[in-house]
Structures are given as structure tokens and as C-alpha cells.
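Below is entry.txt, holding compact mmCIF, C-alpha atoms.
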```txt
# COMPACT_ATOMS: atom_id res chain seq x y z
CA MET A 1 -53.63 -30.42 -11.08
CA PRO A 2 -56.62 -32.16 -9.40
CA TRP A 3 -57.42 -28.99 -7.44
CA VAL A 4 -57.03 -26.72 -10.45
CA ILE A 5 -59.29 -28.94 -12.55
CA ALA A 6 -61.78 -29.21 -9.66
CA ILE A 7 -62.11 -25.42 -9.53
CA MET A 8 -62.59 -25.21 -13.31
CA ILE A 9 -65.19 -27.99 -13.32
CA ALA A 10 -67.12 -26.48 -10.39
CA LEU A 11 -67.34 -23.09 -12.08
CA THR A 12 -68.33 -24.72 -15.37
CA VAL A 13 -71.08 -26.73 -13.66
CA VAL A 14 -72.53 -23.61 -12.03
CA ALA A 15 -72.35 -21.63 -15.29
CA ALA A 16 -73.94 -24.44 -17.32
CA ALA A 17 -76.72 -25.00 -14.79
CA SER A 18 -77.48 -21.27 -14.71
CA ALA A 19 -77.65 -21.07 -18.50
CA LEU A 20 -79.92 -24.13 -18.72
CA ALA A 21 -82.22 -22.83 -15.96
CA LEU A 22 -82.51 -19.45 -17.70
CA ARG A 23 -83.31 -21.18 -20.99
CA ASN A 24 -86.05 -23.27 -19.35
CA ALA A 25 -87.54 -20.23 -17.60
CA ALA A 26 -87.63 -18.24 -20.85
CA ARG A 27 -89.24 -21.13 -22.75
CA SER A 28 -91.88 -21.61 -20.06
CA ALA A 29 -92.72 -17.90 -19.94
CA ARG A 30 -92.97 -17.64 -23.74
CA SER A 31 -95.21 -20.70 -24.05
CA GLU A 32 -97.48 -19.41 -21.29
CA LEU A 33 -97.75 -15.86 -22.59
CA GLU A 34 -97.55 -16.26 -26.38
CA GLY A 35 -101.36 -16.37 -26.69
CA GLY A 36 -102.10 -14.05 -23.79
CA VAL A 37 -103.71 -10.64 -24.31
CA THR A 38 -104.70 -8.04 -21.73
CA VAL A 39 -107.62 -5.68 -22.39
CA GLN A 40 -107.77 -2.61 -20.16
CA ILE A 41 -110.79 -0.28 -20.04
CA VAL A 42 -109.19 3.01 -19.09
CA PHE A 43 -112.05 5.30 -18.08
CA ALA A 44 -112.41 7.35 -14.90
CA GLU A 45 -116.20 7.16 -14.46
CA PRO A 46 -117.03 3.78 -12.82
CA ASP A 47 -120.44 3.14 -14.39
CA ALA A 48 -119.25 3.89 -17.93
CA ARG A 49 -116.12 1.83 -17.33
CA ASN A 50 -118.17 -1.17 -16.20
CA ARG A 51 -120.54 -0.87 -19.17
CA GLN A 52 -117.64 -0.83 -21.62
CA ALA A 53 -115.97 -3.75 -19.81
CA ASP A 54 -119.14 -5.86 -19.97
CA ALA A 55 -119.61 -5.03 -23.66
CA ALA A 56 -115.97 -5.84 -24.43
CA LEU A 57 -116.20 -9.13 -22.55
CA ALA A 58 -119.32 -10.14 -24.47
CA ALA A 59 -117.70 -9.27 -27.81
CA LEU A 60 -114.56 -11.26 -26.93
CA GLN A 61 -116.53 -14.32 -25.85
CA HIS A 62 -118.25 -14.38 -29.25
CA ASP A 63 -114.97 -13.99 -31.16
CA GLY A 64 -113.89 -17.21 -32.86
CA ALA A 65 -110.18 -16.44 -32.42
CA VAL A 66 -110.55 -16.12 -28.64
CA ARG A 67 -110.20 -19.32 -26.63
CA SER A 68 -111.19 -17.77 -23.30
CA ALA A 69 -111.89 -14.34 -21.82
CA ARG A 70 -112.26 -13.51 -18.14
CA ARG A 71 -112.81 -10.22 -16.40
CA VAL A 72 -110.44 -9.85 -13.46
CA ALA A 73 -112.39 -9.32 -10.24
CA GLN A 74 -112.03 -6.00 -8.45
CA ASP A 75 -110.63 -7.67 -5.35
CA GLU A 76 -107.80 -9.15 -7.44
CA LEU A 77 -107.03 -5.73 -8.91
CA ASN A 78 -107.00 -4.16 -5.46
CA THR A 79 -104.57 -6.82 -4.26
CA LEU A 80 -102.33 -6.22 -7.28
CA VAL A 81 -102.03 -2.45 -6.82
CA GLU A 82 -101.73 -2.47 -3.03
CA PRO A 83 -97.95 -3.26 -2.87
CA TRP A 84 -97.19 -0.57 -5.45
CA LEU A 85 -99.40 2.25 -4.20
CA GLY A 86 -99.33 1.58 -0.48
CA THR A 87 -103.12 1.60 -0.37
CA ARG A 88 -106.06 -0.28 -1.76
CA ALA A 89 -108.15 1.20 -4.51
CA GLY A 90 -111.31 2.73 -3.08
CA ASP A 91 -109.79 3.92 0.21
CA ASP A 92 -111.37 7.14 1.43
CA LEU A 93 -108.10 9.07 1.50
CA ASP A 94 -106.57 7.84 -1.74
CA ALA A 95 -109.41 6.73 -3.96
CA LEU A 96 -108.01 5.74 -7.35
CA PRO A 97 -109.83 4.83 -10.54
CA ILE A 98 -108.49 1.38 -11.41
CA PRO A 99 -108.98 0.31 -15.07
CA ALA A 100 -111.17 -2.71 -15.68
CA LEU A 101 -109.03 -5.66 -16.74
CA ILE A 102 -109.92 -8.58 -19.01
CA ASP A 103 -107.61 -11.58 -19.33
CA VAL A 104 -107.81 -13.04 -22.85
CA ARG A 105 -106.35 -16.25 -24.28
CA LEU A 106 -106.15 -16.61 -28.05
CA ASP A 107 -106.11 -19.87 -29.98
CA GLY A 108 -102.69 -19.01 -31.39
CA THR A 109 -99.90 -16.50 -30.96
CA ALA A 110 -100.81 -12.90 -30.25
CA THR A 111 -99.42 -11.47 -33.50
CA PRO A 112 -99.68 -7.76 -34.41
CA ALA A 113 -102.35 -8.63 -37.00
CA ARG A 114 -104.51 -10.37 -34.39
CA LEU A 115 -104.11 -7.49 -31.96
CA ALA A 116 -105.18 -5.05 -34.68
CA ALA A 117 -108.25 -7.18 -35.40
CA LEU A 118 -109.20 -7.20 -31.72
CA ARG A 119 -108.79 -3.42 -31.51
CA THR A 120 -111.08 -3.01 -34.50
CA ALA A 121 -113.68 -5.35 -33.03
CA LEU A 122 -113.70 -3.61 -29.64
CA GLN A 123 -113.53 -0.05 -30.91
CA LYS A 124 -117.30 0.19 -31.38
CA VAL A 125 -118.38 -1.32 -28.05
CA ALA A 126 -115.48 -0.13 -25.86
CA PRO A 127 -113.75 3.00 -27.20
CA SER A 128 -111.56 3.22 -24.10
CA ALA A 129 -110.17 -0.30 -24.50
CA ARG A 130 -106.40 -0.69 -24.64
CA ILE A 131 -105.08 -4.02 -25.90
CA ASP A 132 -101.59 -5.36 -25.17
CA ALA A 133 -99.89 -8.68 -25.76
CA GLN A 134 -98.74 -10.07 -22.43
CA ALA A 135 -95.48 -11.35 -23.90
CA ALA A 136 -94.58 -7.81 -25.03
CA TRP A 137 -94.24 -6.73 -21.42
CA LEU A 138 -91.45 -9.24 -20.87
CA VAL A 139 -89.41 -8.52 -24.01
CA PRO A 140 -86.70 -6.66 -22.01
CA VAL A 141 -86.63 -9.56 -19.55
CA PHE A 142 -86.22 -12.10 -22.36
CA ARG A 143 -83.40 -10.03 -23.85
CA ALA A 144 -81.63 -9.83 -20.50
CA MET A 145 -82.00 -13.59 -20.01
CA ALA A 146 -80.60 -14.25 -23.49
CA ALA A 147 -77.64 -11.98 -22.72
CA LEU A 148 -77.00 -13.88 -19.49
CA GLN A 149 -77.09 -17.18 -21.38
CA TRP A 150 -74.50 -15.89 -23.86
CA LEU A 151 -72.41 -14.67 -20.93
CA ALA A 152 -72.56 -18.12 -19.34
CA ALA A 153 -71.54 -19.72 -22.65
CA GLY A 154 -68.60 -17.34 -22.91
CA LEU A 155 -67.59 -18.15 -19.34
CA ILE A 156 -67.68 -21.87 -20.12
CA ALA A 157 -65.46 -21.30 -23.16
CA LEU A 158 -62.99 -19.29 -21.08
CA LEU A 159 -62.90 -21.99 -18.38
CA ALA A 160 -62.25 -24.66 -21.02
CA SER A 161 -59.41 -22.55 -22.43
CA ALA A 162 -57.97 -22.04 -18.95
CA THR A 163 -58.08 -25.79 -18.35
CA VAL A 164 -56.23 -26.43 -21.61
CA PHE A 165 -53.51 -23.93 -20.74
CA ALA A 166 -53.16 -25.31 -17.20
CA VAL A 167 -52.73 -28.86 -18.52
CA LEU A 168 -50.32 -27.60 -21.16
CA LEU A 169 -48.13 -25.88 -18.57
CA ALA A 170 -48.25 -28.90 -16.26
CA SER A 171 -47.26 -31.26 -19.09
CA ARG A 172 -44.33 -29.09 -20.16
CA ASN A 173 -43.18 -28.79 -16.56
CA ALA A 174 -43.35 -32.57 -16.13
CA LEU A 175 -41.38 -33.09 -19.35
CA GLY A 176 -38.70 -30.70 -18.16
CA ASN A 177 -38.40 -32.49 -14.82
CA HIS A 178 -38.08 -35.92 -16.46
CA ARG A 179 -36.00 -34.99 -19.49
CA ASP A 180 -33.04 -37.20 -18.54
CA THR A 181 -35.34 -40.18 -17.94
CA ILE A 182 -37.06 -39.62 -21.28
CA GLU A 183 -33.71 -39.62 -23.09
CA ILE A 184 -32.77 -42.93 -21.46
CA VAL A 185 -36.15 -44.43 -22.46
CA HIS A 186 -35.52 -43.29 -26.03
CA MET A 187 -32.10 -44.95 -26.07
CA LEU A 188 -33.71 -48.16 -24.80
CA GLY A 189 -36.11 -48.13 -27.75
CA GLY A 190 -39.14 -46.43 -26.22
CA THR A 191 -41.33 -44.53 -28.67
CA ASP A 192 -42.88 -41.11 -28.31
CA HIS A 193 -46.36 -42.62 -28.12
CA GLN A 194 -45.34 -44.92 -25.27
CA ILE A 195 -43.95 -41.97 -23.33
CA ALA A 196 -47.04 -39.87 -24.10
CA ARG A 197 -49.28 -42.67 -22.74
CA VAL A 198 -47.48 -42.47 -19.40
CA PHE A 199 -48.17 -38.74 -19.15
CA GLN A 200 -51.76 -38.98 -20.34
CA ARG A 201 -52.49 -41.81 -17.88
CA SER A 202 -51.26 -39.65 -15.02
CA MET A 203 -53.27 -36.69 -16.31
CA ALA A 204 -56.38 -38.85 -16.66
CA ILE A 205 -56.18 -39.83 -12.99
CA ASP A 206 -55.68 -36.22 -11.89
CA ALA A 207 -58.45 -34.93 -14.16
CA ALA A 208 -60.92 -37.61 -13.07
CA ALA A 209 -60.29 -36.89 -9.39
CA GLY A 210 -60.59 -33.14 -9.98
CA GLY A 211 -63.73 -33.65 -12.05
CA VAL A 212 -65.49 -35.57 -9.30
CA LEU A 213 -64.55 -32.96 -6.69
CA GLY A 214 -65.59 -30.12 -8.97
CA LEU A 215 -68.92 -31.77 -9.78
CA LEU A 216 -69.73 -32.22 -6.09
CA ALA A 217 -68.81 -28.62 -5.33
CA GLY A 218 -70.86 -27.38 -8.27
CA LEU A 219 -73.91 -29.41 -7.23
CA ILE A 220 -73.71 -27.98 -3.71
CA ALA A 221 -73.58 -24.45 -5.16
CA ILE A 222 -76.55 -25.21 -7.46
CA ALA A 223 -78.60 -26.53 -4.54
CA ALA A 224 -77.82 -23.43 -2.47
CA LEU A 225 -78.74 -21.08 -5.32
CA GLY A 226 -81.92 -23.06 -6.03
CA ASN A 227 -83.09 -22.69 -2.45
CA GLN A 228 -82.44 -18.95 -2.53
CA PHE A 229 -84.42 -18.42 -5.74
CA ALA A 230 -87.23 -20.75 -4.63
CA ALA A 231 -87.74 -18.52 -1.58
CA LEU A 232 -88.64 -15.62 -3.88
CA GLY A 233 -91.93 -17.28 -4.79
CA SER A 234 -91.90 -15.80 -8.30
CA GLY A 235 -93.58 -17.65 -11.14
CA MET A 236 -90.64 -17.16 -13.50
CA THR A 237 -88.08 -18.39 -10.96
CA ALA A 238 -90.32 -21.40 -10.27
CA ALA A 239 -90.07 -22.29 -13.97
CA ALA A 240 -86.26 -22.15 -13.86
CA VAL A 241 -85.90 -25.83 -13.07
CA LEU A 242 -83.57 -28.40 -14.58
CA GLY A 243 -84.94 -31.43 -16.40
CA TRP A 244 -83.40 -34.87 -16.57
CA SER A 245 -81.68 -34.05 -19.87
CA ASP A 246 -80.14 -30.96 -18.26
CA TRP A 247 -78.79 -33.06 -15.40
CA LEU A 248 -77.28 -35.49 -17.90
CA LEU A 249 -75.47 -32.60 -19.58
CA ILE A 250 -74.19 -31.37 -16.23
CA ALA A 251 -73.06 -34.87 -15.25
CA GLY A 252 -71.14 -35.08 -18.53
CA ILE A 253 -69.06 -31.97 -17.79
CA PRO A 254 -66.42 -33.83 -15.69
CA VAL A 255 -66.18 -36.48 -18.43
CA LEU A 256 -65.64 -33.83 -21.09
CA GLY A 257 -63.12 -32.09 -18.84
CA THR A 258 -61.18 -35.32 -18.38
CA VAL A 259 -61.17 -36.05 -22.11
CA LEU A 260 -60.04 -32.50 -22.87
CA SER A 261 -57.23 -32.74 -20.31
CA VAL A 262 -56.01 -36.10 -21.60
CA LEU A 263 -56.04 -34.96 -25.24
CA THR A 264 -54.21 -31.76 -24.34
CA ALA A 265 -51.58 -33.67 -22.37
CA ARG A 266 -51.06 -36.19 -25.17
CA LEU A 267 -50.78 -33.63 -27.96
CA SER A 268 -48.53 -31.29 -25.97
CA VAL A 269 -46.21 -34.14 -24.93
CA LEU A 270 -45.93 -35.49 -28.47
CA ALA A 271 -45.22 -32.01 -29.82
CA ALA A 272 -42.56 -31.41 -27.17
CA LEU A 273 -40.94 -34.81 -27.81
CA ARG A 274 -40.65 -34.06 -31.51
CA ARG A 275 -38.83 -30.81 -30.70
CA LEU A 276 -36.70 -32.62 -28.12
CA LEU A 277 -35.40 -35.02 -30.71
```

Mind turning this structure into C-alpha cells?
Amino acid sequence: MPWVIAIMIALTVVAAASALALRNAARSARSELEGGVTVQIVFAEPDARNRQADAALAALQHDGAVRSARRVAQDELNTLVEPWLGTRAGDDLDALPIPALIDVRLDGTATPARLAALRTALQKVAPSARIDAQAAWLVPVFRAMAALQWLAAGLIALLASATVFAVLLASRNALGNHRDTIEIVHMLGGTDHQIARVFQRSMAIDAAAGGVLGLLAGLIAIAALGNQFAALGSGMTAAAVLGWSDWLLIAGIPVLGTVLSVLTARLSVLAALRRLL
């Protein structure tokens, strides 16, 4: 039983840590992007594009709903497109018209009404402006992360069910092996609750030992996965960190596993003893 419980606890720790890290990453991304807006000036002719970008930037800086507006430098744009196009914008062989980009931060959330107001305000000075909420780009990512969190929750529920069934089978097997002894204890005046305490004490020791082993194995797996994701250097993966409250929840998993095992052993033994009599 200690090894079975250790495996269940280790898998539960990894699943819980993954779900908590995904939740933290999604929260961080939403809070960072909820007021973010990107304004693109999509125009092929460079001089006209720059004039519209300057006019749009001036209009945004005088808008009371805009907290900050910054035009992204051309060097930054060139660096952004280089990995995707295999060349830098402005190369002689593959010259590409890169849209002018303005990074905008609103005072509140970038709601559809606010985006419509910005489009109306910029339509006169920059007809080629295209306005997008930055959070909208990551909607599929947020949905995928939510699905993974539900998957982790389902996995935790399945592991808890598997632990209950494993303890149930172990308790019934132990009762069958000690049936003659139990009958003698009954004849000597022992009660069902006294016999159940013997089984639950043994299960508590096994579950506690398995919980400690499983927690250690799970923490090693979390550390290995954390190092792998940290090497990616992505902003979203950098936000997928566990806080102190998350670690407290993870540390409580072996305790919950032990309590669940003891309760299962007690209830199954009492039920079996009632049928035995």
C-alpha cells in the first residue's frame, strides 16, 4: 500500500502543480493585456504611413481614456519579423512594407465599446489604422489553458477514486486474511469500532509513508519541469510560477490522501464487519 499511495500522491502533486501554474499564468497574462491595444497603420507608401502614424499617436496622447501611447521603433519591428520571414525588413532582396505599430494602454479594460470609440477618433487622422485588443489575440491560448486546468482537475478526481478503490481492496483482503482472529476478538467482547481502529491505524501508517514518498517524487518532477519551461524564455511561461499559497495546497495533498485512506479503511471495515456478523 505505501508504494501504491506514493504513486497516486506523486501524480496528484504534479497534476495540481500544473493546474495552479496554468491558472497563475493565465491570470498574469489577462491582467497585463486587459488594457492593452495595438494600433497598426497598414499602408504601403512609407511617407504616408509615417504621417498617419504620427497623427494617430498625437490623437491618442490627447485622448483622456488613454493612459499611455508609444510608437514602436522600426528596429524593434525589424527584430520581431526577422525570425518569421528569415530576413529583416528593408533588405535589398526582400524589401517588405512593415506596418507602423503603436502600443496603447487604456485606463481600463479594452472593451468593444472603447475600441469602437478609438476607431472613430482615429478614422479622420489615420484612415489606414487597424485597432485590436491585445488580449483578443490570446483568446485561443486562454481557452486551451482552461481546458488543461479542467483536465488536471479530472485527473486529480480519478487519482482520488483510484486511491479509494485501492484502499478498499486492501482492507477487504486484510479482513479476509484475519477473519478467524476477528471472530475470536468478537467472542472476547471486542467491538467493531475497536477492530476498525486497528485497521485504520495500520492504514494511516502506510498512507503517511506513501504520502511523504509521493510528495518528494512529485516535487522532484515539478522542479525538473520548471527548469525545462524556464529555459524557453517565454513571458507567459515565466509567469507560470507557484506562490506560497499554492505550495501550501501542494503540501496538503499527502495529508488529504492520508485522511481519505483512513476514512475509506474505517468505513469499509465497519461495513464488512456488519455483514460478517

- For A:Met1, work out the shell of residues within 12 Å, counting all atoms listed in the file and skipping chain neighbours fewer than 4 positions away, then give it as a ChimeraX atom specification. /A:5-8,163-171,173-174,202-211,258,261,265

- Task: Check the smallest atom-to-atom distance from each of A:Ala221, A:Ala69, A:Gly252, A:Ser245 to A:Asn24 using all atoms listed in the file, then report the winner.
- Result: A:Ser245

- Message: Using all atoms listed in the file, which protein or nucleic acid residues come within 10 Å of A:Phe142? Drop anything in the same chain fewer than 5 positions from it, and give the result as number ranges by chain.
- Response: A: 22-23, 25-27, 29-30, 135-137, 147-148

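Atom CA of A:Thr120 sits 23.5 Å away from atom CA of A:Pro46.
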
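Taking atom CA of A:Pro127 and atom CA of A:His62 as endpoints, the distance between them is 18.1 Å.
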
- Using all atoms listed in the file, the best pick from A:Ser268, A:Ser68, A:Thr79, A:Asn177 as closest to A:Gly108 would be A:Ser68

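Comparing the minimum interatomic distances between A:Leu249 and each of A:Ala55, A:Ala19, A:Leu122, A:Ile184, counting all atoms listed in the file, we find that A:Ala19 sits nearest.
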
- Task: For atom CA of A:Val13 and atom CA of A:Val262, quote the distance in Å rounded to one decimal.
- Result: 19.4 Å

- Task: Check the smallest atom-to-atom distance from each of A:Gly243, A:Pro140, A:Gly226, A:Pro99 to A:Ala44 using all atoms listed in the file, then report the winner.
- Result: A:Pro99

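Residue nearest A:Ile9, chosen from A:Gly176, A:Leu159, A:Ala113, A:Asn78 and counting only C-alpha atoms: A:Leu159.
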
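For the choices A:Met187, A:Val14, A:Val198, A:Val4, the atom-to-atom distance to A:Leu216 is smallest for A:Val14 when using all atoms listed in the file.
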